[in-house]
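Printed here is coords.cif (mmCIF, C-alpha atoms):
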data_structure
loop_
_atom_site.group_PDB
_atom_site.id
_atom_site.type_symbol
_atom_site.label_atom_id
_atom_site.label_comp_id
_atom_site.auth_asym_id
_atom_site.auth_seq_id
_atom_site.Cartn_x
_atom_site.Cartn_y
_atom_site.Cartn_z
ATOM 1 C CA MET N 1 0.000 0.000 0.000
ATOM 2 C CA LYS N 2 1.326 3.434 -0.790
ATOM 3 C CA THR N 3 0.229 6.777 0.569
ATOM 4 C CA LEU N 4 0.540 9.578 -1.976
ATOM 5 C CA VAL N 5 0.120 13.300 -1.420
ATOM 6 C CA MET N 6 -1.302 15.062 -4.449
ATOM 7 C CA GLU N 7 -2.755 18.490 -5.136
ATOM 8 C CA ASP N 8 -5.527 19.924 -7.254
ATOM 9 C CA GLU N 9 -5.404 22.869 -9.651
ATOM 10 C CA ALA N 10 -5.672 25.313 -6.727
ATOM 11 C CA GLY N 11 -2.840 23.660 -4.804
ATOM 12 C CA ALA N 12 -5.217 22.059 -2.267
ATOM 13 C CA PRO N 13 -3.649 18.804 -1.007
ATOM 14 C CA LEU N 14 -5.231 15.364 -0.798
ATOM 15 C CA VAL N 15 -4.079 11.875 0.141
ATOM 16 C CA VAL N 16 -4.462 8.853 -2.137
ATOM 17 C CA LEU N 17 -4.199 5.292 -0.791
ATOM 18 C CA MET N 18 -3.189 2.989 -3.642
ATOM 19 C CA HIS N 19 -1.924 -0.556 -4.182
ATOM 20 C CA GLY N 20 1.869 -0.609 -4.183
ATOM 21 C CA ASP N 21 2.047 -2.075 -7.684
ATOM 22 C CA ARG N 22 -0.210 0.518 -9.332
ATOM 23 C CA THR N 23 0.018 4.123 -10.376
ATOM 24 C CA VAL N 24 -2.718 6.731 -10.140
ATOM 25 C CA SER N 25 -4.504 8.025 -13.227
ATOM 26 C CA THR N 26 -4.578 11.676 -12.214
ATOM 27 C CA LYS N 27 -6.982 12.475 -15.042
ATOM 28 C CA ASN N 28 -9.503 9.890 -13.812
ATOM 29 C CA LEU N 29 -8.975 10.937 -10.201
ATOM 30 C CA ALA N 30 -9.734 14.579 -11.010
ATOM 31 C CA ARG N 31 -12.887 13.572 -12.879
ATOM 32 C CA GLN N 32 -14.107 11.252 -10.112
ATOM 33 C CA ILE N 33 -13.671 13.791 -7.306
ATOM 34 C CA GLY N 34 -14.881 16.813 -9.273
ATOM 35 C CA ARG N 35 -11.621 18.705 -9.748
ATOM 36 C CA LYS N 36 -10.152 20.249 -12.890
ATOM 37 C CA SER N 37 -6.788 18.554 -12.492
ATOM 38 C CA ILE N 38 -4.692 16.592 -10.015
ATOM 39 C CA GLN N 39 -0.945 16.191 -9.896
ATOM 40 C CA PRO N 40 1.550 14.640 -7.493
ATOM 41 C CA CYS N 41 3.070 17.134 -5.057
ATOM 42 C CA ARG N 42 6.779 17.848 -5.249
ATOM 43 C CA PRO N 43 8.512 16.043 -2.348
ATOM 44 C CA GLU N 44 9.130 19.221 -0.327
ATOM 45 C CA VAL N 45 5.488 20.309 -0.787
ATOM 46 C CA ALA N 46 4.191 16.861 0.216
ATOM 47 C CA GLN N 47 6.366 17.009 3.337
ATOM 48 C CA ARG N 48 5.053 20.473 4.208
ATOM 49 C CA HIS N 49 1.422 19.312 3.880
ATOM 50 C CA SER N 50 1.793 15.962 5.636
ATOM 51 C CA GLY N 51 4.594 16.575 8.106
ATOM 52 C CA TYR N 52 6.221 13.308 6.975
ATOM 53 C CA MET N 53 9.383 12.625 4.996
ATOM 54 C CA VAL N 54 8.746 11.198 1.526
ATOM 55 C CA GLY N 55 8.932 7.421 1.813
ATOM 56 C CA GLY N 56 7.445 7.581 5.292
ATOM 57 C CA THR N 57 4.171 9.335 4.497
ATOM 58 C CA SER N 58 1.190 8.169 6.519
ATOM 59 C CA PRO N 59 -2.467 9.157 6.203
ATOM 60 C CA PHE N 60 -2.632 9.264 10.015
ATOM 61 C CA GLY N 61 -1.806 12.404 11.970
ATOM 62 C CA THR N 62 -0.983 14.648 9.041
ATOM 63 C CA ARG N 63 0.033 18.235 9.721
ATOM 64 C CA LYS N 64 -2.917 19.500 7.653
ATOM 65 C CA ALA N 65 -6.294 17.793 7.499
ATOM 66 C CA MET N 66 -6.600 16.488 3.952
ATOM 67 C CA PRO N 67 -9.285 14.600 2.046
ATOM 68 C CA VAL N 68 -8.441 10.908 1.657
ATOM 69 C CA CYS N 69 -9.166 8.926 -1.516
ATOM 70 C CA VAL N 70 -8.823 5.156 -1.574
ATOM 71 C CA GLU N 71 -8.754 2.763 -4.512
ATOM 72 C CA LYS N 72 -11.997 0.762 -4.317
ATOM 73 C CA SER N 73 -10.353 -2.673 -4.549
ATOM 74 C CA VAL N 74 -8.234 -1.902 -1.449
ATOM 75 C CA LEU N 75 -11.399 -2.146 0.641
ATOM 76 C CA ASP N 76 -11.859 -5.782 -0.461
ATOM 77 C CA LEU N 77 -8.526 -6.944 0.946
ATOM 78 C CA PRO N 78 -8.439 -8.862 4.250
ATOM 79 C CA LYS N 79 -5.594 -6.703 5.642
ATOM 80 C CA ILE N 80 -3.529 -3.769 4.422
ATOM 81 C CA TYR N 81 -0.210 -2.362 5.557
ATOM 82 C CA ILE N 82 0.021 1.427 5.681
ATOM 83 C CA ASN N 83 3.072 3.471 6.501
ATOM 84 C CA GLY N 84 3.046 4.411 10.168
ATOM 85 C CA GLY N 85 4.987 7.653 9.852
ATOM 86 C CA ARG N 86 8.552 6.722 9.024
ATOM 87 C CA ARG N 87 10.313 4.585 6.441
ATOM 88 C CA GLY N 88 10.010 0.894 7.166
ATOM 89 C CA TYR N 89 7.387 1.262 9.906
ATOM 90 C CA LEU N 90 4.168 -0.364 8.690
ATOM 91 C CA VAL N 91 0.830 -0.696 10.463
ATOM 92 C CA GLY N 92 -1.419 -3.628 9.564
ATOM 93 C CA ILE N 93 -5.145 -2.874 9.655
ATOM 94 C CA ASP N 94 -8.416 -4.198 8.337
ATOM 95 C CA PRO N 95 -9.339 -1.870 5.437
ATOM 96 C CA LYS N 96 -12.955 -1.899 6.589
ATOM 97 C CA VAL N 97 -11.953 0.522 9.373
ATOM 98 C CA LEU N 98 -10.794 3.167 6.881
ATOM 99 C CA PRO N 99 -14.277 4.731 6.556
ATOM 100 C CA VAL N 100 -14.368 5.001 10.356
ATOM 101 C CA LEU N 101 -10.959 6.704 10.489
ATOM 102 C CA PHE N 102 -11.336 9.005 7.474
ATOM 103 C CA ARG N 103 -14.056 10.642 5.426
ATOM 104 C CA LEU N 104 -13.186 8.643 2.320
ATOM 105 C CA SER N 105 -13.749 9.171 -1.348
ATOM 106 C CA VAL N 106 -13.752 5.724 -2.929
ATOM 107 C CA VAL N 107 -12.267 5.896 -6.428
ATOM 108 C CA GLU N 108 -11.217 3.592 -9.262
ATOM 109 C CA VAL N 109 -8.094 5.207 -10.668
ATOM 110 C CA GLY N 110 -5.370 2.558 -10.354
ATOM 111 C CA LEU N 111 -3.286 1.663 -13.397
ATOM 112 C CA LYS N 112 -1.065 -1.410 -13.596
ATOM 113 C CA GLU N 113 2.595 -0.360 -13.702
#
As structure tokens, please, write out the structure in this file.
Amino acid sequence: MKTLVMEDEAGAPLVVLMHGDRTVSTKNLARQIGRKSIQPCRPEVAQRHSGYMVGGTSPFGTRKAMPVCVEKSVLDLPKIYINGGRRGYLVGIDPKVLPVLFRLSVVEVGLKE
């Protein structure tokens, strides 16, 4: 599982939870969440928004409250491992708790790498 910090056309940040072996179709993501465009944040911008070093980004406890989008098929997995706030520190959780923890937008934007 990877946690990506992206931004819309106005520079507003958002978090995307995606399978580790997939990339995000930013065009489809923008369309599905009603934005003009979405792009990945530069590493220093992502760190400023999240408070985490790139490679250790977690959706939990971010510096700024950000919307969270999750790839729909992630919710069907029995367990997921999400970065816990530093490189190499993973937290295993049942993905069914994600809607309890975050106000989620469920999207289908994953592309096979």
Answer key for the PyMOL selection byres ((chain N and resi 56) around 9), residues as a PDB file with C-alpha atoms, in the frame of the given file:
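Written file, part09.pdb:
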ATOM      1  CA  THR N   3       0.229   6.777   0.569  1.00  0.00           C
ATOM      2  CA  TYR N  52       6.221  13.308   6.975  1.00  0.00           C
ATOM      3  CA  MET N  53       9.383  12.625   4.996  1.00  0.00           C
ATOM      4  CA  VAL N  54       8.746  11.198   1.526  1.00  0.00           C
ATOM      5  CA  GLY N  55       8.932   7.421   1.813  1.00  0.00           C
ATOM      6  CA  THR N  57       4.171   9.335   4.497  1.00  0.00           C
ATOM      7  CA  SER N  58       1.190   8.169   6.519  1.00  0.00           C
ATOM      8  CA  ASN N  83       3.072   3.471   6.501  1.00  0.00           C
ATOM      9  CA  GLY N  84       3.046   4.411  10.168  1.00  0.00           C
ATOM     10  CA  GLY N  85       4.987   7.653   9.852  1.00  0.00           C
ATOM     11  CA  ARG N  86       8.552   6.722   9.024  1.00  0.00           C
ATOM     12  CA  ARG N  87      10.313   4.585   6.441  1.00  0.00           C
ATOM     13  CA  GLY N  88      10.010   0.894   7.166  1.00  0.00           C
ATOM     14  CA  TYR N  89       7.387   1.262   9.906  1.00  0.00           C
TER      15      TYR N  89
END
Go through N:Leu4, N:Cys69, N:Val24, N:Leu17 and flag the residue nearest Pro43 (chain N), using all atoms listed in the file for the distances. N:Leu4
Quick one, how far is CA of Glu108 (chain N) from CA of Gln47 (chain N)? 25.5 Å
Let me make sure I understand: among N:Glu71, N:Glu7, N:Asp21, N:Asp76, which one has the smallest atom-to-atom distance to Val45 (chain N) if we use all atoms listed in the file?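 Ranking N:Glu71, N:Glu7, N:Asp21, N:Asp76 by distance to Val45 (chain N), first place goes to N:Glu7.
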Given only C-alpha atoms as the basis, pick out the residue of N:Lys96, N:Arg31, N:Lys79, N:Lys64 nearest to Met1 (chain N).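 That would be N:Lys79, the residue with the smallest distance to Met1 (chain N).
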Residue IDs satisfying the PyMOL selection byres ((chain N and resi 74) around 12), as number ranges by chain: N: 1-2, 16-20, 22, 69-73, 75-82, 93-98, 106-110
So, counting all atoms listed in the file, which residue among N:Val68, N:Arg48, N:Pro59, N:Gly92 is closest to Leu29 (chain N)?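 Once distances to Leu29 (chain N) are computed over all atoms listed in the file, the minimum belongs to N:Val68.
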Distance CA of Ala10 (chain N)-CA of Ala65 (chain N), one decimal place?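 CA of Ala65 (chain N) lies 16.1 Å from CA of Ala10 (chain N).
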For CA of Val5 (chain N) and CA of Met66 (chain N), quote the distance in Å rounded to one decimal. 9.2 Å
Apply the PyMOL selection byres ((chain N and resi 35) around 12) to the displayed file and report the matching residues as a list in words.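 Residues picked by the PyMOL selection byres ((chain N and resi 35) around 12): Glu7, Asp8, Glu9, Ala10, Gly11, Ala12, Pro13, Leu14, Thr26, Lys27, Asn28, Leu29, Ala30, Arg31, Gln32, Ile33, Gly34, Lys36, Ser37, Ile38 and Gln39 of chain N.
Closest approach to Leu90 (chain N) from the set N:Pro40, N:Ser25, N:Phe60, N:Leu104 is made by N:Phe60, with distances taken over all atoms listed in the file.
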With distances taken over only C-alpha atoms, which residue among N:Val15, N:Cys41, N:Met6, N:Leu111 lies nearest Thr62 (chain N)?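 Of all the options, N:Val15 lies closest to Thr62 (chain N).
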As a tab-separated table (two decimals), in the coordinates of the input, please: region 62-75 of chain N completed to N, CA and C atoms.
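So the final result, stored in part-v3.tsv, reads:
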chain	number	residue	atom	x	y	z
N	62	THR	N	-1.64	13.70	9.94
N	62	THR	CA	-0.98	14.65	9.04
N	62	THR	C	-1.03	16.06	9.62
N	63	ARG	N	-0.06	16.86	9.23
N	63	ARG	CA	0.03	18.24	9.72
N	63	ARG	C	-1.22	19.02	9.35
N	64	LYS	N	-1.68	18.87	8.11
N	64	LYS	CA	-2.92	19.50	7.65
N	64	LYS	C	-3.97	18.41	7.46
N	65	ALA	N	-5.20	18.73	7.80
N	65	ALA	CA	-6.29	17.79	7.50
N	65	ALA	C	-6.49	17.79	5.99
N	66	MET	N	-6.46	16.61	5.40
N	66	MET	CA	-6.60	16.49	3.95
N	66	MET	C	-7.65	15.45	3.61
N	67	PRO	N	-8.37	15.65	2.50
N	67	PRO	CA	-9.28	14.60	2.05
N	67	PRO	C	-8.48	13.34	1.72
N	68	VAL	N	-9.10	12.18	1.93
N	68	VAL	CA	-8.44	10.91	1.66
N	68	VAL	C	-9.25	10.16	0.61
N	69	CYS	N	-8.57	9.75	-0.47
N	69	CYS	CA	-9.17	8.93	-1.52
N	69	CYS	C	-8.54	7.54	-1.42
N	70	VAL	N	-9.34	6.52	-1.62
N	70	VAL	CA	-8.82	5.16	-1.57
N	70	VAL	C	-9.30	4.41	-2.81
N	71	GLU	N	-8.40	3.62	-3.38
N	71	GLU	CA	-8.75	2.76	-4.51
N	71	GLU	C	-9.77	1.73	-4.03
N	72	LYS	N	-10.87	1.61	-4.74
N	72	LYS	CA	-12.00	0.76	-4.32
N	72	LYS	C	-11.57	-0.66	-3.97
N	73	SER	N	-10.72	-1.27	-4.77
N	73	SER	CA	-10.35	-2.67	-4.55
N	73	SER	C	-9.54	-2.87	-3.27
N	74	VAL	N	-8.96	-1.81	-2.73
N	74	VAL	CA	-8.23	-1.90	-1.45
N	74	VAL	C	-9.19	-2.33	-0.34
N	75	LEU	N	-10.42	-1.85	-0.41
N	75	LEU	CA	-11.40	-2.15	0.64
N	75	LEU	C	-11.81	-3.62	0.68
